[in-house]
>>> print(open('structure-v5.cif').read())   # mmCIF, C-alpha atoms
data_my_file
#
loop_
_atom_site.label_atom_id
_atom_site.label_comp_id
_atom_site.auth_asym_id
_atom_site.auth_seq_id
_atom_site.Cartn_x
_atom_site.Cartn_y
_atom_site.Cartn_z
CA MET A 1 72.83 176.38 34.07
CA ALA A 2 72.02 174.13 37.02
CA CYS A 3 74.12 176.00 39.55
CA SER A 4 72.79 179.47 38.68
CA ALA A 5 69.22 178.22 38.44
CA HIS A 6 69.56 176.50 41.79
CA SER A 7 70.71 179.72 43.43
CA ILE A 8 67.63 181.53 42.09
CA LEU A 9 64.93 178.90 42.42
CA THR A 10 65.83 176.53 45.26
CA GLY A 11 64.48 178.86 47.89
CA ALA A 12 61.31 176.73 47.45
CA ALA A 13 59.64 179.38 45.25
CA TRP A 14 59.75 180.70 41.70
CA ARG A 15 58.33 183.48 39.55
CA PHE A 16 56.11 183.13 36.50
CA ASP A 17 58.38 184.75 33.92
CA ALA A 18 62.08 185.12 33.24
CA LEU A 19 63.88 187.60 30.98
CA ALA A 20 66.95 186.50 29.05
CA CYS A 21 69.16 188.64 26.84
CA GLN A 22 69.61 186.66 23.62
CA ARG A 23 73.10 186.71 22.16
CA LYS A 24 74.86 184.06 20.13
CA THR A 25 77.98 184.27 22.29
CA ARG A 26 76.37 184.76 25.69
CA GLY A 27 72.82 183.41 25.55
CA SER A 28 73.17 179.99 23.90
CA HIS A 29 72.49 178.29 27.23
CA TYR A 30 69.16 180.16 27.42
CA PHE A 31 67.89 179.78 23.83
CA TYR A 32 68.70 177.87 20.66
CA THR A 33 69.01 180.26 17.70
CA PRO A 34 68.78 178.46 14.30
CA GLU A 35 70.35 181.39 12.42
CA ALA A 36 72.73 184.00 13.79
CA GLY A 37 70.87 187.23 14.36
CA GLY A 38 67.50 185.56 13.83
CA PRO A 39 64.67 184.76 16.23
CA VAL A 40 65.08 182.07 18.86
CA SER A 41 63.50 178.63 18.47
CA ARG A 42 60.37 178.04 20.54
CA THR A 43 60.30 174.29 19.83
CA ILE A 44 63.94 173.28 20.37
CA LEU A 45 64.67 173.98 24.01
CA THR A 46 67.95 174.23 25.87
CA GLN A 47 68.25 172.59 29.30
CA PHE A 48 67.46 175.99 30.85
CA GLY A 49 64.42 176.50 28.61
CA ARG A 50 63.16 172.98 29.35
CA ALA A 51 63.48 173.58 33.11
CA LEU A 52 61.54 176.85 32.91
CA LYS A 53 58.80 175.16 30.87
CA GLN A 54 58.44 172.39 33.45
CA LEU A 55 58.26 175.00 36.19
CA GLY A 56 55.55 176.88 34.29
CA ILE A 57 57.73 179.99 33.95
CA GLY A 58 57.41 182.03 30.78
CA HIS A 59 60.75 182.56 29.00
CA ILE A 60 61.06 185.99 27.38
CA ALA A 61 63.79 186.66 24.81
CA ALA A 62 65.04 190.25 25.02
CA TYR A 63 65.55 191.62 21.50
CA SER A 64 65.27 195.35 22.19
CA PRO A 65 68.30 197.56 22.92
CA GLN A 66 66.55 198.77 26.08
CA ALA A 67 66.22 195.28 27.50
CA ARG A 68 69.77 194.36 26.55
CA GLY A 69 71.08 197.58 28.04
CA ARG A 70 69.42 196.81 31.34
CA SER A 71 71.05 193.40 31.60
CA GLU A 72 74.42 194.73 30.41
CA ARG A 73 74.36 197.46 33.07
CA ALA A 74 73.74 194.83 35.74
CA PHE A 75 76.61 192.71 34.41
CA SER A 76 78.88 195.76 34.41
CA THR A 77 77.99 196.60 38.01
CA LEU A 78 78.70 193.08 39.22
CA GLN A 79 81.84 192.56 37.15
CA ASP A 80 83.27 195.85 38.36
CA ARG A 81 82.28 195.54 42.03
CA LEU A 82 82.81 191.88 42.81
CA PRO A 83 86.56 191.54 42.10
CA LYS A 84 87.24 194.59 44.27
CA GLU A 85 84.93 193.42 47.05
CA LEU A 86 86.47 189.93 47.03
CA THR A 87 89.94 191.42 47.29
CA LEU A 88 88.96 193.68 50.18
CA ALA A 89 87.39 190.70 51.98
CA GLY A 90 90.58 188.66 51.56
CA ILE A 91 88.82 185.94 49.54
CA SER A 92 91.20 183.54 47.78
CA SER A 93 89.16 180.38 47.05
CA VAL A 94 85.95 179.51 45.21
CA GLU A 95 84.42 177.96 48.33
CA ALA A 96 85.11 181.06 50.42
CA ALA A 97 83.79 183.30 47.63
CA ASN A 98 80.49 181.39 47.38
CA ARG A 99 80.08 181.48 51.16
CA TRP A 100 80.82 185.20 51.30
CA LEU A 101 78.39 185.92 48.45
CA SER A 102 75.49 184.15 50.17
CA GLU A 103 76.24 185.24 53.74
CA THR A 104 77.50 188.80 53.24
CA TYR A 105 77.41 190.36 49.77
CA MET A 106 73.85 189.61 48.67
CA ALA A 107 72.32 191.36 51.69
CA GLN A 108 74.55 194.40 51.17
CA HIS A 109 73.81 194.51 47.44
CA LYS A 110 70.04 194.33 47.99
CA GLU A 111 70.17 197.04 50.66
CA GLN A 112 71.99 199.40 48.30
CA PHE A 113 70.26 198.67 44.98
CA ALA A 114 66.81 197.22 45.79
CA ILE A 115 63.77 199.32 44.87
CA ALA A 116 60.51 199.01 46.78
CA ALA A 117 57.72 197.29 44.85
CA GLU A 118 54.69 199.32 43.82
CA GLN A 119 52.33 196.58 45.03
CA GLN A 120 52.33 194.47 48.17
CA GLY A 121 52.56 190.70 48.07
CA SER A 122 54.87 188.29 46.30
CA ALA A 123 55.06 187.06 42.71
CA PHE A 124 56.76 183.87 43.86
CA VAL A 125 54.96 180.53 44.16
CA THR A 126 55.92 178.02 46.84
CA ASP A 127 57.27 174.66 45.72
CA ALA A 128 55.34 172.64 48.29
CA ILE A 129 56.45 169.19 47.07
CA GLY A 130 60.11 169.90 46.32
CA ALA A 131 59.83 169.42 42.55
CA TRP A 132 62.87 171.60 41.87
CA ARG A 133 65.39 168.77 42.28
CA GLU A 134 63.93 166.76 39.38
CA ILE A 135 63.56 169.84 37.21
CA LEU A 136 66.83 171.70 37.84
CA CYS A 137 69.04 168.97 36.46
CA VAL A 138 70.35 167.91 33.06
CA GLN A 139 67.82 165.69 31.24
CA GLU A 140 68.64 163.81 28.04
CA GLU A 141 67.09 160.93 26.10
CA ARG A 142 68.94 157.65 25.61
CA THR A 143 68.16 154.24 24.07
CA VAL A 144 68.80 151.15 26.19
CA GLY A 145 71.39 148.78 24.69
CA ASN A 146 70.93 145.06 24.05
CA ASP A 147 72.83 144.36 27.29
CA ASN A 148 70.25 146.39 29.27
CA THR A 149 72.66 149.26 29.86
CA VAL A 150 72.37 152.99 29.26
CA LYS A 151 75.38 154.91 27.97
CA TRP A 152 75.94 158.23 29.69
CA GLN A 153 79.08 160.16 28.84
CA ARG A 154 81.82 157.63 29.70
CA LEU A 155 79.63 155.58 32.01
CA SER A 156 77.64 152.41 31.32
CA LEU A 157 74.61 152.37 33.63
CA GLN A 158 73.40 148.82 34.23
CA LEU A 159 69.62 148.72 34.67
CA PRO A 160 68.46 146.41 37.47
CA PRO A 161 65.66 143.83 37.00
CA SER A 162 62.26 145.52 36.79
CA ARG A 163 58.72 144.32 37.37
CA LEU A 164 57.63 146.57 34.49
CA ARG A 165 59.31 144.52 31.73
CA SER A 166 61.54 141.48 31.47
CA HIS A 167 64.13 143.72 29.78
CA LEU A 168 64.30 147.26 28.41
CA ALA A 169 66.56 146.72 25.40
CA LYS A 170 65.84 149.31 22.68
CA ALA A 171 63.53 151.26 24.99
CA ASP A 172 63.81 155.05 25.03
CA VAL A 173 64.66 156.29 28.51
CA ARG A 174 65.59 159.62 30.09
CA VAL A 175 68.70 160.25 32.16
CA HIS A 176 68.66 162.88 34.91
CA GLU A 177 72.04 164.20 36.00
CA TYR A 178 71.91 166.08 39.30
CA PRO A 179 74.49 168.74 40.22
CA GLY A 180 77.13 166.86 42.22
CA ASP A 181 74.61 164.27 43.33
CA GLY A 182 74.53 161.37 40.90
CA LEU A 183 72.13 160.15 38.22
CA ALA A 184 68.71 158.58 37.71
CA VAL A 185 67.15 156.75 34.75
CA TYR A 186 63.46 157.14 33.90
CA TRP A 187 61.25 155.17 31.53
CA GLY A 188 58.22 157.38 30.98
CA PRO A 189 56.92 158.20 34.48
CA HIS A 190 58.81 155.28 36.07
CA ARG A 191 62.05 155.84 37.91
CA LEU A 192 64.05 152.74 37.04
CA ALA A 193 67.24 153.25 39.03
CA ASP A 194 69.56 155.68 40.80
CA TYR A 195 73.34 155.86 40.43
CA ASP A 196 76.16 157.69 42.12
CA ALA A 197 78.44 160.02 40.17
CA ALA A 198 80.67 157.06 39.24
CA GLY A 199 77.75 155.06 37.77
CA ALA A 200 77.36 152.59 40.66
CA LEU A 201 73.76 151.53 41.39
CA VAL A 202 72.14 153.16 44.44
CA VAL A 203 69.42 151.13 46.11
CA SER A 204 66.98 153.70 47.54
CA PRO A 205 65.30 156.15 45.10
CA PRO A 206 63.55 159.30 46.38
CA SER A 207 59.78 159.27 46.87
CA VAL A 208 59.00 162.12 44.42
CA GLU A 209 59.23 161.46 40.70
CA LEU A 210 58.84 163.73 37.71
CA ALA A 211 57.61 162.74 34.28
CA GLY A 212 57.61 165.40 31.60
CA GLY A 213 56.85 168.14 34.08
CA ASN A 214 54.18 166.19 35.99
CA ILE A 215 54.75 165.03 39.53
CA VAL A 216 54.08 161.36 40.29
CA THR A 217 53.97 160.14 43.89
#
>>> encode(input="structure-v5.cif", output="structure tokens")
Amino acid sequence: MACSAHSILTGAAWRFDALACQRKTRGSHYFYTPEAGGPVSRTILTQFGRALKQLGIGHIAAYSPQARGRSERAFSTLQDRLPKELTLAGISSVEAANRWLSETYMAQHKEQFAIAAEQQGSAFVTDAIGAWREILCVQEERTVGNDNTVKWQRLSLQLPPSRLRSHLAKADVRVHEYPGDGLAVYWGPHRLADYDAAGALVVSPPSVELAGGNIVT
């Protein structure tokens, strides 16, 4: 989720609505579906759905054959073209493929398939304060242990002393996992600590914080 969302939204702007084709096998990262073939849940959000909500982007589930057909045709175009294009370009590694996609293929694809808009202007909104980094990450709730640590996957994140409370044992906190860039632990709007990918404490937190979709400076 994070990588694809970054590629779409980290150009410092985003649109107000996103269309997702809902399928049990392909769309589970977009929506949670309580019953196979039934409607999606609007209260239980996936990481992707939570990020869109914090960004203020409407999330539209595509149930109609027409909407699904449109997305499937796009998938077919890309899945058919890209392997051939990568072979012709002599691409043999993931790093080279990502570089070629951003520097070469996207411009060619847009030139061939883009359709001029009926109206002038842009539907994108500038992210003036750089909120995307705190939104486009994995966020999960955790309860602080009696030893003032937070368990995250196989890591034990030791919380440093805080002026907010003498200890945070049994407190509910939120862990942010950034793509390839470490972790942070929040207690409500307060950013308690930052950690590297190995769980070691990092001293200097960033200046922008996010609490439930609201920016705190």
>>> resolve_selection(input="structure-v5.cif", expression="the PyMOL selection byres ((chain A and resi 197) around 9)", output="MDAnalysis selection string")
chainID A and resid 177:178 180:183 195:196 198:200
>>> atom_distance(input="structure-v5.cif", atom1="atom CA of Gly49 of chain A", atom2="atom CA of His29 of chain A")
8.4 Å
>>> resolve_selection(input="structure-v5.cif", expression="the PyMOL selection byres ((chain A and resi 48) around 10)", output="JSON, numbers by chain")
{"A": [1, 2, 5, 28, 29, 30, 31, 45, 46, 47, 49, 50, 51, 52, 53, 59, 135, 136, 137, 138]}
>>> write_last_selection(input="structure-v5.cif", atoms="C-alpha atoms", output="compact mmCIF listing (two decimals), keeping the file's coordinate frame")
# COMPACT_ATOMS: atom_id res chain seq x y z
CA MET A 1 72.83 176.38 34.07
CA ALA A 2 72.02 174.13 37.02
CA ALA A 5 69.22 178.22 38.44
CA SER A 28 73.17 179.99 23.90
CA HIS A 29 72.49 178.29 27.23
CA TYR A 30 69.16 180.16 27.42
CA PHE A 31 67.89 179.78 23.83
CA LEU A 45 64.67 173.98 24.01
CA THR A 46 67.95 174.23 25.87
CA GLN A 47 68.25 172.59 29.30
CA GLY A 49 64.42 176.50 28.61
CA ARG A 50 63.16 172.98 29.35
CA ALA A 51 63.48 173.58 33.11
CA LEU A 52 61.54 176.85 32.91
CA LYS A 53 58.80 175.16 30.87
CA HIS A 59 60.75 182.56 29.00
CA ILE A 135 63.56 169.84 37.21
CA LEU A 136 66.83 171.70 37.84
CA CYS A 137 69.04 168.97 36.46
CA VAL A 138 70.35 167.91 33.06
>>> atom_distance(input="structure-v5.cif", atom1="atom CA of Lys110 of chain A", atom2="atom CA of Trp132 of chain A")
24.6 Å
>>> atom_distance(input="structure-v5.cif", atom1="atom CA of Gly56 of chain A", atom2="atom CA of Gly130 of chain A")
14.6 Å
>>> resolve_selection(input="structure-v5.cif", expression="the PyMOL selection byres ((chain A and resi 92-104) around 12)", output="list in words")
Cys3, Ser4, Ser7, Ile8, Leu78, Leu82, Pro83, Glu85, Leu86, Thr87, Leu88, Ala89, Gly90, Ile91, Tyr105, Met106, Ala107, Gln108, His109, Lys110 and Glu111 of chain A
>>> residues_around(input="structure-v5.cif", residues="segment 148-154 of chain A", least_positions_apart="6", cutoff="10 Å", atoms="all atoms listed in the file", output="number ranges by chain")
A: 140-142, 160-161, 167-175, 177, 183, 185, 198-199
